[in-house]
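Visitor: Shown below is the structure under consideration.
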There are 2 protein chains.
Amino acid sequence: MIKPPELLSKKLGLTFNNPEWFVLALTHRSMGAKNNERLEFLGDSILGFVIAEALFEKFPQASEGVLSRLRASLVNQESLADLARHHHIGDYLILGSGELKSGGYRRASILSDALEAIMGAIIQDQGIENCKTWIVQLFTERLAGLRLDNWQKDPKTRLQEYMQARQFDVPGYTLISEEGLPHEKTFKVECSIVLFDQKFIGTGVSRKKAEQHAAELMLKKIAKESK
Amino acid sequence: MIKPPELLSKKLGLTFNNPEWFVLALTHRSMGAKNNERLEFLGDSILGFVIAEALFEKFPQASEGVLSRLRASLVNQESLADLARHHHIGDYLILGSGELKSGGYRRASILSDALEAIMGAIIQDQGIENCKTWIVQLFTERLAGLRLDNWQKDPKTRLQEYMQARQFDVPGYTLISEEGLPHEKTFKVECSIVLFDQKFIGTGVSRKKAEQHAAELMLKKIAKESK
């Protein structure tokens, strides 16, 4: 049984001038053409900005790389789905019968999309400032819980320092491939440590990001082996 | 010779309360630790939102997929670098001597980053609303020039329709690989048309996006062959 949207908006501290926006935000595409996908597009973009700004202010010394990693740790499907679950948003989703039967109200992607769509609905109904305030409130605990220590150094730097501290050779990075259209390329870079006989291939939208990803995989392997 | 920043801010229609923000936005990382990277992070995120909102309002019938593609066509390194060149931002960049010698003021990535950093500087100096107004003005012509026709249909749909119109078999899509950490996966999908003896591998952050990319590559090949 789907619970009434008013109950959820009240719990979320929201009062809509046009409650239709909120209902639309809860409506999955399995219900037909009138669904929350456009609002999700809008919500996703305001969320990215609001968290960027909050981090920019909270950590005046953090580099762009650190800010990016912090944001990725707060804004991703799993983290948004967790927030949605915390607020029982699944109980209020308006799903087509197929999605309903297959448990769509529990699916991370559907929950995360609905939460972003709610943000889009707030902008449409009440403008940016109110939406910003609501998002910051939603993330208050998570923002407060962030500590810079673990994010200061990127994986490549941490791996390099790990190796140097042990007087081992530093890892090598080799570009394996570069594919895709100019503005949506995918790079593959291999990180190898001869001494350990280990190789990991990282992927990313730039060579740098692929290197970081490869370094991250290597660090995970090392952490696992050294437990 | 680097031109004075005041000249540029005036040309861009900007008056800063603290001109230091604007100077910082023009300062490349080759100048040292005090550079425009943090502002670029902030500017990139507000830009994504402002264009999302403008498109959301301009095209009330467009699907989320169409809005995403429209935004990607407006907000990408090349398009931003073009805008930066149009406003001669390169003449005002504050670069380290190495970047200066190697022509950094002409490089697309540096120009595009500086333009985003200017947006970040406006937020810091004057708040969201002024920044939004400035961005919308910057993109006025490009926004006005957008027509839905070419964006309504995604590559996969266009390819399918192309094949069906000729009574050919529709193309097949096969997932080749799925790599990376949970929140930054890369998918590879192969699009194949047996009749043409053609195969293309697309990459993307989701299976859907990789399919679209593969379809796009196939469409390009077909367009080339049928000229």
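Scheme for the structure tokens: letters A, B, ... for chains in order shown; per-chain residue numbers from 1; ligand numbers from 1 in order shown.
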Please give chain B as a CSV table (one decimal) with C-alpha atoms, in the first residue's frame, after it has been superposed on chain A by least squares over all Cα atoms paired in order.

Guide:
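The resulting file, out-v9.csv, is shown below:
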```
chain,number,residue,atom,x,y,z
B,1,MET,CA,0.0,0.1,0.0
B,2,ILE,CA,1.5,3.4,-1.0
B,3,LYS,CA,1.3,6.0,1.7
B,4,PRO,CA,0.0,9.5,1.0
B,5,PRO,CA,2.7,12.0,-0.3
B,6,GLU,CA,1.6,14.7,2.2
B,7,LEU,CA,2.8,12.5,5.0
B,8,LEU,CA,6.2,12.3,3.5
B,9,SER,CA,6.5,15.9,2.6
B,10,LYS,CA,5.6,16.8,6.2
B,11,LYS,CA,8.2,14.4,7.6
B,12,LEU,CA,10.8,15.9,5.3
B,13,GLY,CA,9.9,19.4,6.6
B,14,LEU,CA,8.6,20.5,3.2
B,15,THR,CA,5.5,22.5,2.4
B,16,PHE,CA,4.7,22.7,-1.3
B,17,ASN,CA,2.8,25.5,-2.9
B,18,ASN,CA,2.0,23.1,-5.7
B,19,PRO,CA,2.0,19.6,-4.2
B,20,GLU,CA,1.8,18.2,-7.8
B,21,TRP,CA,5.6,18.8,-8.0
B,22,PHE,CA,6.2,16.6,-5.0
B,23,VAL,CA,3.9,13.9,-6.4
B,24,LEU,CA,5.7,14.0,-9.7
B,25,ALA,CA,9.0,13.6,-7.9
B,26,LEU,CA,7.8,10.3,-6.4
B,27,THR,CA,6.5,9.0,-9.7
B,28,HIS,CA,8.7,6.4,-11.4
B,29,ARG,CA,8.9,6.1,-15.1
B,30,SER,CA,7.2,2.7,-14.9
B,31,MET,CA,4.0,4.8,-14.4
B,32,GLY,CA,4.3,6.3,-17.9
B,33,ALA,CA,5.3,9.5,-19.6
B,34,LYS,CA,4.6,11.7,-16.7
B,35,ASN,CA,7.4,10.7,-14.4
B,36,ASN,CA,10.2,12.1,-12.2
B,37,GLU,CA,13.0,11.8,-14.7
B,38,ARG,CA,13.1,15.5,-15.7
B,39,LEU,CA,13.0,16.6,-12.0
B,40,GLU,CA,15.8,14.1,-11.3
B,41,PHE,CA,17.9,15.8,-14.0
B,42,LEU,CA,17.4,19.1,-12.3
B,43,GLY,CA,17.8,17.8,-8.8
B,44,ASP,CA,21.0,16.0,-9.6
B,45,SER,CA,22.6,19.2,-10.9
B,46,ILE,CA,21.6,21.4,-7.9
B,47,LEU,CA,22.7,18.7,-5.5
B,48,GLY,CA,26.2,18.6,-7.2
B,49,PHE,CA,26.4,22.4,-6.8
B,50,VAL,CA,25.1,22.6,-3.2
B,51,ILE,CA,27.5,20.0,-2.0
B,52,ALA,CA,30.4,21.5,-4.0
B,53,GLU,CA,29.7,24.9,-2.3
B,54,ALA,CA,29.4,23.4,1.2
B,55,LEU,CA,32.7,21.6,0.8
B,56,PHE,CA,34.4,24.7,-0.7
B,57,GLU,CA,33.4,26.6,2.4
B,58,LYS,CA,34.0,23.9,5.0
B,59,PHE,CA,37.5,23.1,3.7
B,60,PRO,CA,39.2,26.3,2.6
B,61,GLN,CA,42.6,24.6,2.4
B,62,ALA,CA,41.5,21.5,0.4
B,63,SER,CA,42.6,21.2,-3.2
B,64,GLU,CA,40.2,20.7,-6.0
B,65,GLY,CA,41.1,17.0,-6.1
B,66,VAL,CA,40.3,16.5,-2.5
B,67,LEU,CA,37.0,18.4,-2.9
B,68,SER,CA,36.1,16.2,-5.8
B,69,ARG,CA,36.7,13.0,-3.9
B,70,LEU,CA,34.8,14.3,-0.9
B,71,ARG,CA,31.9,15.1,-3.0
B,72,ALA,CA,32.0,11.7,-4.8
B,73,SER,CA,31.9,10.1,-1.3
B,74,LEU,CA,28.7,12.1,-0.4
B,75,VAL,CA,26.9,12.1,-3.7
B,76,ASN,CA,26.7,8.7,-5.2
B,77,GLN,CA,23.9,6.2,-5.8
B,78,GLU,CA,24.5,4.2,-2.7
B,79,SER,CA,24.8,7.2,-0.4
B,80,LEU,CA,21.7,8.8,-1.8
B,81,ALA,CA,19.7,5.5,-1.6
B,82,ASP,CA,20.8,5.3,2.1
B,83,LEU,CA,19.4,8.7,2.8
B,84,ALA,CA,16.2,7.8,1.0
B,85,ARG,CA,15.9,4.6,3.0
B,86,HIS,CA,16.6,6.6,6.2
B,87,HIS,CA,13.5,8.7,5.4
B,88,HIS,CA,11.5,5.7,4.2
B,89,ILE,CA,11.0,7.3,0.8
B,90,GLY,CA,10.4,3.8,-0.7
B,91,ASP,CA,7.0,3.6,1.1
B,92,TYR,CA,5.8,6.6,-0.9
B,93,LEU,CA,7.0,5.8,-4.4
B,94,ILE,CA,4.5,5.7,-7.1
B,95,LEU,CA,5.5,2.7,-9.2
B,96,GLY,CA,4.0,0.8,-12.1
B,97,SER,CA,2.7,-2.7,-11.3
B,98,GLY,CA,5.7,-4.4,-12.7
B,99,GLU,CA,8.2,-2.4,-10.6
B,100,LEU,CA,5.9,-2.8,-7.6
B,101,LYS,CA,6.0,-6.6,-7.9
B,102,SER,CA,9.7,-6.8,-8.4
B,103,GLY,CA,10.4,-4.7,-5.3
B,104,GLY,CA,11.4,-1.5,-7.1
B,105,TYR,CA,10.8,0.6,-4.0
B,106,ARG,CA,13.9,-1.1,-2.5
B,107,ARG,CA,16.1,-0.6,-5.5
B,108,ALA,CA,19.0,1.8,-4.9
B,109,SER,CA,18.8,3.5,-8.3
B,110,ILE,CA,15.0,4.2,-8.0
B,111,LEU,CA,15.4,5.5,-4.4
B,112,SER,CA,18.4,7.7,-5.3
B,113,ASP,CA,16.6,9.1,-8.4
B,114,ALA,CA,13.5,9.9,-6.4
B,115,LEU,CA,15.5,11.8,-3.8
B,116,GLU,CA,17.2,13.9,-6.5
B,117,ALA,CA,13.8,14.4,-8.1
B,118,ILE,CA,12.5,15.8,-4.8
B,119,MET,CA,15.3,18.3,-4.9
B,120,GLY,CA,14.2,19.3,-8.4
B,121,ALA,CA,10.6,19.6,-7.2
B,122,ILE,CA,11.7,22.0,-4.5
B,123,ILE,CA,13.5,24.2,-7.0
B,124,GLN,CA,10.4,24.3,-9.2
B,125,ASP,CA,8.1,25.0,-6.3
B,126,GLN,CA,10.2,27.3,-4.1
B,127,GLY,CA,13.4,28.4,-5.9
B,128,ILE,CA,17.1,27.7,-5.4
B,129,GLU,CA,17.6,29.1,-1.9
B,130,ASN,CA,14.9,27.0,-0.2
B,131,CYS,CA,16.2,23.9,-2.1
B,132,LYS,CA,19.8,24.7,-1.0
B,133,THR,CA,18.8,25.0,2.6
B,134,TRP,CA,16.9,21.7,2.5
B,135,ILE,CA,19.8,19.9,0.9
B,136,VAL,CA,22.3,21.2,3.4
B,137,GLN,CA,20.1,20.1,6.2
B,138,LEU,CA,19.7,16.7,4.6
B,139,PHE,CA,23.5,16.3,4.5
B,140,THR,CA,24.2,18.0,7.9
B,141,GLU,CA,25.4,14.9,9.7
B,142,ARG,CA,27.4,13.6,6.7
B,143,LEU,CA,29.0,17.0,6.2
B,144,ALA,CA,29.8,17.3,9.8
B,145,GLY,CA,31.3,13.8,9.9
B,146,LEU,CA,33.8,14.5,7.1
B,147,ARG,CA,37.5,14.7,8.1
B,148,LEU,CA,40.1,15.8,5.7
B,149,ASP,CA,42.8,13.4,6.9
B,150,ASN,CA,41.8,10.4,4.7
B,151,TRP,CA,41.2,12.5,1.7
B,152,GLN,CA,44.2,14.8,1.6
B,153,LYS,CA,46.3,12.4,-0.3
B,154,ASP,CA,45.2,10.8,-3.5
B,155,PRO,CA,45.7,7.1,-4.1
B,156,LYS,CA,48.7,7.6,-6.4
B,157,THR,CA,50.5,9.7,-3.7
B,158,ARG,CA,49.6,7.2,-1.0
B,159,LEU,CA,50.9,4.3,-3.1
B,160,GLN,CA,54.1,6.1,-3.9
B,161,GLU,CA,54.7,7.0,-0.2
B,162,TYR,CA,54.0,3.4,0.8
B,163,MET,CA,56.6,2.1,-1.7
B,164,GLN,CA,59.2,4.8,-0.8
B,165,ALA,CA,58.8,4.2,2.9
B,166,ARG,CA,59.9,0.6,2.3
B,167,GLN,CA,62.7,1.6,-0.1
B,168,PHE,CA,61.0,-0.2,-3.0
B,169,ASP,CA,60.9,1.1,-6.5
B,170,VAL,CA,58.0,3.4,-7.2
B,171,PRO,CA,55.1,1.9,-9.3
B,172,GLY,CA,55.0,2.5,-13.1
B,173,TYR,CA,51.9,3.8,-15.0
B,174,THR,CA,51.3,2.9,-18.6
B,175,LEU,CA,48.5,4.2,-20.8
B,176,ILE,CA,46.8,1.2,-22.3
B,177,SER,CA,44.0,2.8,-24.3
B,178,GLU,CA,42.1,5.9,-25.0
B,179,GLU,CA,38.6,5.5,-26.4
B,180,GLY,CA,35.4,7.4,-27.1
B,181,LEU,CA,34.2,10.7,-28.4
B,182,PRO,CA,36.1,13.9,-27.5
B,183,HIS,CA,33.9,14.9,-24.6
B,184,GLU,CA,33.3,11.5,-23.2
B,185,LYS,CA,36.6,9.6,-23.5
B,186,THR,CA,37.6,6.7,-21.4
B,187,PHE,CA,41.2,6.1,-20.5
B,188,LYS,CA,42.8,2.9,-19.3
B,189,VAL,CA,46.1,3.0,-17.4
B,190,GLU,CA,48.0,0.1,-16.0
B,191,CYS,CA,49.8,0.4,-12.7
B,192,SER,CA,52.5,-2.2,-12.2
B,193,ILE,CA,54.8,-3.1,-9.4
B,194,VAL,CA,57.5,-5.5,-10.8
B,195,LEU,CA,58.7,-6.5,-7.3
B,196,PHE,CA,55.2,-7.7,-6.3
B,197,ASP,CA,54.4,-9.1,-9.7
B,198,GLN,CA,51.2,-7.1,-9.6
B,199,LYS,CA,49.4,-5.3,-12.4
B,200,PHE,CA,46.1,-3.4,-12.2
B,201,ILE,CA,44.2,-1.6,-14.9
B,202,GLY,CA,42.3,1.5,-13.9
B,203,THR,CA,39.7,3.3,-16.0
B,204,GLY,CA,38.6,7.0,-15.9
B,205,VAL,CA,37.5,9.9,-17.9
B,206,SER,CA,41.0,11.3,-18.0
B,207,ARG,CA,44.5,9.8,-17.9
B,208,LYS,CA,45.0,11.2,-14.4
B,209,LYS,CA,41.8,9.7,-13.1
B,210,ALA,CA,42.6,6.3,-14.7
B,211,GLU,CA,46.0,6.4,-13.0
B,212,GLN,CA,44.4,7.2,-9.6
B,213,HIS,CA,41.9,4.4,-10.1
B,214,ALA,CA,44.7,1.9,-11.0
B,215,ALA,CA,46.7,3.1,-7.9
B,216,GLU,CA,43.5,2.6,-5.8
B,217,LEU,CA,43.1,-1.0,-7.0
B,218,MET,CA,46.8,-1.7,-6.2
B,219,LEU,CA,46.4,-0.2,-2.7
B,220,LYS,CA,43.4,-2.4,-2.0
B,221,LYS,CA,45.4,-5.5,-3.1
B,222,ILE,CA,48.3,-4.5,-0.8
B,223,ALA,CA,45.9,-3.9,2.1
B,224,LYS,CA,44.3,-7.3,1.5
B,225,GLU,CA,47.6,-9.1,1.3
B,226,SER,CA,49.1,-7.4,4.3
B,227,LYS,CA,46.2,-8.2,6.7
```
